[in-house]
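The structure file coords.txt is reproduced below (compact mmCIF, C-alpha atoms).
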```txt
# COMPACT_ATOMS: atom_id res chain seq x y z
CA MET N 109 65.57 4.40 36.66
CA LYS N 110 66.49 7.96 37.29
CA THR N 111 65.89 9.12 40.82
CA MET N 112 63.72 12.13 41.23
CA LYS N 113 64.79 15.12 43.21
CA LYS N 114 62.73 15.81 46.29
CA LEU N 115 60.43 18.76 45.73
CA ASN N 116 59.60 21.29 48.39
CA ILE N 117 56.23 22.73 47.48
CA LEU N 118 54.83 25.82 49.18
CA VAL N 119 51.20 26.89 48.95
CA ALA N 120 50.27 30.37 50.15
CA CYS N 121 47.02 32.25 50.58
CA GLY N 122 45.95 35.38 52.45
CA SER N 123 45.50 33.72 55.80
CA GLY N 124 47.30 30.46 55.16
CA ILE N 125 44.31 28.43 56.29
CA ALA N 126 41.44 28.30 53.84
CA THR N 127 42.13 28.57 50.15
CA SER N 128 45.67 27.22 50.52
CA THR N 129 44.21 24.09 52.12
CA ILE N 130 42.01 23.53 49.08
CA ALA N 131 44.83 24.28 46.65
CA ALA N 132 47.33 22.04 48.48
CA ASN N 133 44.88 19.16 48.29
CA GLU N 134 44.48 19.63 44.54
CA ILE N 135 48.25 19.82 44.06
CA GLU N 136 48.67 16.55 45.96
CA ASP N 137 46.21 14.99 43.53
CA VAL N 138 48.25 16.31 40.61
CA CYS N 139 51.41 14.79 42.12
CA LYS N 140 49.66 11.45 42.39
CA GLU N 141 48.44 11.66 38.82
CA TYR N 142 51.90 12.49 37.48
CA GLY N 143 53.69 9.88 39.58
CA ILE N 144 55.50 12.41 41.71
CA THR N 145 56.01 10.81 45.10
CA ASN N 146 59.07 12.48 46.54
CA TYR N 147 57.80 15.82 47.76
CA SER N 148 56.77 17.76 50.81
CA ILE N 149 54.02 20.32 50.79
CA SER N 150 53.61 23.18 53.25
CA LYS N 151 51.11 25.98 53.59
CA CYS N 152 51.60 29.53 54.74
CA SER N 153 50.09 32.98 54.63
CA MET N 154 51.11 35.52 52.03
CA THR N 155 53.06 37.46 54.63
CA GLU N 156 55.10 34.37 55.54
CA MET N 157 55.55 33.44 51.90
CA LEU N 158 58.58 35.56 51.12
CA GLY N 159 60.64 34.06 53.94
CA MET N 160 59.46 30.50 53.42
CA SER N 161 59.92 30.61 49.64
CA LYS N 162 63.69 30.50 50.14
CA ASN N 163 63.44 26.77 50.85
CA ALA N 164 60.80 26.05 48.25
CA ASP N 165 61.33 24.67 44.76
CA ILE N 166 58.04 26.11 43.65
CA VAL N 167 55.42 28.39 45.18
CA PHE N 168 51.69 28.34 44.47
CA THR N 169 49.42 31.16 45.56
CA THR N 170 45.70 31.88 45.38
CA ASN N 171 46.31 35.63 45.60
CA ASN N 172 48.14 37.69 43.09
CA TYR N 173 51.66 38.55 44.14
CA ARG N 174 53.42 41.36 42.41
CA GLY N 175 56.83 41.08 44.01
CA GLU N 176 59.77 39.00 42.90
CA ILE N 177 60.82 35.70 44.43
CA ASP N 178 63.60 33.32 43.47
CA SER N 179 61.44 30.24 43.06
CA PRO N 180 58.97 29.70 40.25
CA LEU N 181 55.55 31.09 41.19
CA MET N 182 52.21 29.93 39.89
CA ASN N 183 48.73 31.27 40.57
CA VAL N 184 46.19 28.59 41.45
CA THR N 185 42.99 30.55 42.09
CA ALA N 186 41.34 28.33 39.47
CA PHE N 187 41.13 25.64 42.17
CA ILE N 188 38.83 27.96 44.10
CA THR N 189 36.66 29.14 41.22
CA GLY N 190 36.64 25.79 39.44
CA ILE N 191 37.25 27.56 36.15
CA GLY N 192 40.04 26.13 34.02
CA THR N 193 41.20 23.54 36.55
CA ASP N 194 42.02 20.82 33.99
CA LYS N 195 44.40 23.09 32.15
CA LEU N 196 45.93 24.27 35.38
CA LYS N 197 46.46 20.71 36.63
CA GLN N 198 48.28 19.86 33.43
CA LYS N 199 50.45 22.96 33.72
CA ILE N 200 51.30 22.12 37.33
CA GLY N 201 51.99 18.45 36.56
CA GLU N 202 54.37 19.30 33.74
CA LYS N 203 56.14 21.96 35.76
CA LEU N 204 56.59 19.63 38.76
CA LEU N 205 57.98 16.87 36.54
CA GLU N 206 60.40 19.34 35.00
CA LEU N 207 61.55 20.50 38.42
CA SER N 208 61.96 17.02 39.86
CA ASN N 209 64.10 15.70 37.02
CA MET R 16 31.32 17.93 59.53
CA ASN R 17 28.80 19.72 57.38
CA PHE R 18 28.42 23.21 56.07
CA SER R 19 24.96 23.48 57.64
CA GLU R 20 26.40 22.82 61.10
CA TYR R 21 28.25 26.10 60.85
CA VAL R 22 25.30 28.15 59.64
CA ASN R 23 22.44 29.18 61.88
CA GLU R 24 19.94 32.04 62.05
CA LYS R 25 22.45 34.19 63.91
CA THR R 26 25.00 33.91 61.10
CA ILE R 27 22.65 34.69 58.23
CA TYR R 28 22.29 38.28 57.08
CA LEU R 29 19.75 38.89 54.35
CA GLY R 30 19.23 42.00 52.28
CA LEU R 31 21.70 44.27 54.03
CA ASP R 32 22.04 47.85 52.83
CA VAL R 33 25.68 48.86 52.94
CA ALA R 34 27.76 51.21 50.81
CA ASN R 35 31.02 49.29 50.81
CA VAL R 36 33.02 46.40 52.23
CA GLN R 37 34.16 48.40 55.25
CA GLU R 38 30.59 49.20 56.26
CA LEU R 39 29.56 45.59 55.76
CA PHE R 40 32.40 44.24 57.87
CA GLN R 41 31.65 46.77 60.60
CA PHE R 42 28.03 45.68 60.83
CA VAL R 43 28.62 41.96 60.63
CA ALA R 44 31.67 41.90 62.91
CA ASN R 45 29.77 43.85 65.58
CA ASP R 46 26.86 41.48 65.41
CA LEU R 47 29.03 38.36 65.46
CA GLU R 48 30.90 39.73 68.44
CA LYS R 49 27.63 40.36 70.24
CA HIS R 50 26.72 36.72 69.75
CA ASN R 51 30.14 35.49 70.89
CA PHE R 52 31.26 34.10 67.56
CA VAL R 53 34.26 36.41 67.33
CA LEU R 54 36.57 38.36 69.61
CA PRO R 55 37.32 42.09 69.45
CA GLY R 56 39.86 42.74 66.72
CA PHE R 57 38.04 40.64 64.17
CA PHE R 58 36.81 43.71 62.28
CA ASP R 59 40.27 45.26 61.98
CA TYR R 60 41.73 41.99 60.81
CA LEU R 61 39.02 41.51 58.19
CA VAL R 62 39.53 44.99 56.79
CA SER R 63 43.30 44.76 56.57
CA ARG R 64 43.16 41.25 55.22
CA GLU R 65 40.71 42.28 52.49
CA ASN R 66 42.85 45.30 51.64
CA ASN R 67 46.01 43.26 51.29
CA TYR R 68 44.60 40.00 49.98
CA PRO R 69 41.11 40.44 48.58
CA THR R 70 38.68 37.53 48.48
CA GLY R 71 36.39 38.28 45.54
CA LEU R 72 35.91 35.31 43.25
CA LYS R 73 34.86 35.68 39.65
CA LEU R 74 32.84 32.71 38.50
CA ASP R 75 31.17 32.17 35.13
CA ASN R 76 28.21 34.52 35.34
CA TYR R 77 28.48 35.87 38.83
CA ALA R 78 30.82 36.86 41.59
CA VAL R 79 30.97 36.03 45.28
CA ALA R 80 33.38 36.89 48.05
CA ILE R 81 34.72 34.65 50.79
CA PRO R 82 36.26 36.91 53.43
CA HIS R 83 37.80 35.05 56.34
CA GLY R 84 39.34 35.98 59.62
CA ASP R 85 42.41 34.87 61.48
CA PRO R 86 41.63 31.81 63.65
CA LYS R 87 42.79 33.68 66.73
CA TYR R 88 39.71 35.93 66.61
CA ILE R 89 37.25 33.07 66.26
CA GLN R 90 35.48 32.02 69.43
CA LYS R 91 32.98 29.65 67.89
CA PRO R 92 33.47 28.51 64.29
CA PHE R 93 30.80 29.64 61.86
CA VAL R 94 30.01 30.40 58.27
CA ALA R 95 28.09 33.64 57.78
CA VAL R 96 25.85 33.87 54.72
CA ILE R 97 25.38 37.48 53.65
CA THR R 98 23.18 38.85 50.88
CA LEU R 99 22.99 42.52 49.94
CA ASN R 100 20.25 44.65 48.47
CA HIS R 101 22.75 46.52 46.33
CA SER R 102 26.05 45.17 45.16
CA ILE R 103 29.30 46.48 46.57
CA LYS R 104 32.77 46.48 45.05
CA VAL R 105 35.09 43.70 46.15
CA ARG R 106 38.49 43.25 44.60
CA GLN R 107 39.32 39.99 42.90
CA MET R 108 41.45 37.41 44.73
CA ASP R 109 43.82 36.70 41.86
CA ASP R 110 43.81 40.21 40.42
CA ALA R 111 43.62 42.94 43.04
CA ASN R 112 43.31 45.60 40.34
CA THR R 113 39.95 44.28 39.25
CA GLU R 114 36.80 45.12 41.18
CA LEU R 115 33.84 42.78 41.17
CA ASP R 116 30.21 43.63 41.91
CA VAL R 117 29.25 41.35 44.76
CA LYS R 118 25.84 40.76 46.32
CA LEU R 119 26.60 37.48 48.06
CA LEU R 120 29.34 36.75 50.55
CA PHE R 121 30.29 33.75 52.63
CA LEU R 122 32.26 34.91 55.62
CA LEU R 123 34.28 31.96 56.88
CA GLY R 124 34.92 31.95 60.60
CA MET R 125 37.31 29.06 60.91
CA ASN R 126 39.37 28.29 63.96
CA ALA R 127 42.30 25.93 64.04
CA ASN R 128 40.05 22.94 64.68
CA SER R 129 37.50 23.66 62.01
CA THR R 130 39.68 24.24 58.99
CA HIS R 131 38.86 20.80 57.74
CA LEU R 132 39.47 20.12 54.14
CA ASP R 133 36.08 18.49 53.68
CA LEU R 134 34.19 21.51 54.95
CA LEU R 135 36.20 23.92 52.83
CA LYS R 136 35.77 21.70 49.80
CA GLU R 137 32.04 21.55 50.36
CA ILE R 138 31.72 25.32 50.62
CA ILE R 139 33.90 25.94 47.59
CA SER R 140 32.05 23.41 45.48
CA LEU R 141 28.70 24.99 46.42
CA ILE R 142 29.94 28.46 45.55
CA GLN R 143 30.89 27.13 42.12
CA GLN R 144 27.31 26.06 41.45
CA GLU R 145 25.29 28.84 39.91
CA SER R 146 21.98 27.20 40.86
CA PHE R 147 22.96 27.14 44.53
CA VAL R 148 24.14 30.74 44.49
CA LYS R 149 20.93 31.85 42.79
CA LYS R 150 18.78 30.05 45.34
CA ILE R 151 20.62 31.66 48.24
CA GLY R 152 20.42 35.05 46.56
CA ALA R 153 16.68 34.67 46.12
CA ALA R 154 16.00 33.43 49.66
CA LYS R 155 13.65 35.69 51.59
CA THR R 156 14.03 34.15 55.01
CA LYS R 157 16.81 32.69 57.09
CA SER R 158 15.11 29.33 57.32
CA GLU R 159 14.96 29.25 53.53
CA VAL R 160 18.73 29.69 53.40
CA ILE R 161 19.25 26.85 55.84
CA LYS R 162 16.87 24.67 53.84
CA VAL R 163 18.72 25.34 50.59
CA ILE R 164 22.06 24.44 52.18
CA ARG R 165 20.66 21.23 53.71
CA GLN R 166 19.11 20.23 50.41
CA GLU R 167 22.42 20.64 48.60
CA GLU R 168 24.19 18.57 51.21
CA LYS R 169 21.88 15.65 50.64
CA LYS R 170 22.78 15.48 46.96
```
What does this structure look like when you write it as structure tokens?
Amino acid sequence: MKTMKKLNILVACGSGIATSTIAANEIEDVCKEYGITNYSISKCSMTEMLGMSKNADIVFTTNNYRGEIDSPLMNVTAFITGIGTDKLKQKIGEKLLELSN
Amino acid sequence: MNFSEYVNEKTIYLGLDVANVQELFQFVANDLEKHNFVLPGFFDYLVSRENNYPTGLKLDNYAVAIPHGDPKYIQKPFVAVITLNHSIKVRQMDDANTELDVKLLFLLGMNANSTHLDLLKEIISLIQQESFVKKIGAAKTKSEVIKVIRQEEKK
């Protein structure tokens, strides 16, 4: 069996406390569903995001971010509105699998 | 750890008349400070936070906003339920170029100890239910708001 690379997942929102907590919880569920076990997940505010993204394999945000970062970036506001979450979960699951292999 | 534990008559604002977000935050922050829920500085933080990272949420047939402050300004955790007589423009969380017409806001006053996942989940899931949002929007009294929230919790 191929060993999976450890994923460093970063979840950012405006304050780093509320919507990122919700989103991080959903992303953990996705990891479980897709059999991704080797990961760490951290939360931060949007202002901390740029610095912290340097050590992240992927960054999820609930706010829109117009700047450029080196890691892949995905918007996860759907976890807050509840609209289109199934599709989003699939997109996240596939992306995480791709990154961990 | 229930939503209703964070809402009381002092954190419910019904039928406010304000022209914009700034005016709303000014009024509510002042009042919350008077009742020792928040510390001075809360208003400034709310305004800058909303400018940089807006909190408007577009749901199927309606929009709400969930402004929240930095935990360091929160003295006593609360959730403020705010309804407006006339809608104001709030920019959308995931698309700051889009403005939403908002008549209902949940201002989340979380401190480090109250940012529990379960509470946040409960609030978010209620906001996603149009029937709940409609009931809150139609409430005429503060006790009605509290009743609606308690009823939803029992489900």
Padded axis-aligned box of stretch 99-114 of chain R (3 Å per side), centre and edge lengths, Å, one decimal, as AutoDock Vina command-line options:
```
--center_x 32.0 --center_y 41.6 --center_z 44.6 --size_x 29.6 --size_y 15.8 --size_z 16.7
```
**Study point:** Counting all atoms listed in the file, the residue of R:Ile103, R:Met108, R:Lys49, R:Gly152 that sits nearest N:Ile188
**Key:**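 Using all atoms listed in the file, the shortest distance to N:Ile188 belongs to R:Met108.
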Point to revise | At most 10 Å to chain R: residues in chain N, only C-alpha atoms, as a PyMOL selection string | key: chain N and resi 121-127+129-133+154-155+169-174+183-191
Point to revise | Given all atoms listed in the file as the counted atoms, nearest of R:Glu38, R:Glu159, R:Glu167, R:Glu114 to R:Glu24 | key: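 For R:Glu24, the nearest of the given residues is R:Glu159.
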Practice item. Quick one: everything within 10 Å of stretch 203-207 of chain N, counting only C-alpha atoms, minus sequence neighbours fewer than 5 positions away in the same chain. Send it as a PyMOL selection string. Key: chain N and resi 112-115+117+135+138-139+142-144+147+165-166+180+182+197-198
Point to revise | Straight-line distance linking atom CA of R:Phe18 with atom CA of R:Tyr88, stated in Å to one decimal | key: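 Those two atoms sit 20.0 Å apart.
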Practice item. Would you mind reading off the distance between atom CA of R:Val22 and atom CA of N:Ser150, one decimal, in Å? Key: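 About the pair atom CA of R:Val22 and atom CA of N:Ser150: they are 29.4 Å apart.
Counting from atom CA of N:Asn163, the distance to atom CA of N:Leu196 is 23.5 Å.
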Check your understanding: Within 12 Å of R:Phe42, counting only C-alpha atoms, which residues qualify if same-chain residues fewer than 3 places away don't, as a ChimeraX atom specification?
Key -> /R:28,31-39,45-49,57-58,97
Check your understanding: Which of these residues is nearest to R:Lys169, using all atoms listed in the file: R:Ala95, R:Lys157, R:Gln41, R:Glu137?
Key ->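 Distance minimum relative to R:Lys169 lands on R:Glu137.
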**Study point:** Nearest residue to R:Leu115 from the set R:Glu145, R:Asn76, R:Lys150, R:Phe40 (distances using all atoms listed in the file)
**Key:** R:Asn76
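If you measure from each of N:Leu181, N:Glu134, N:Glu202, N:Ser128 to N:Ala164 using all atoms listed in the file, the closest one turns out to be N:Leu181.
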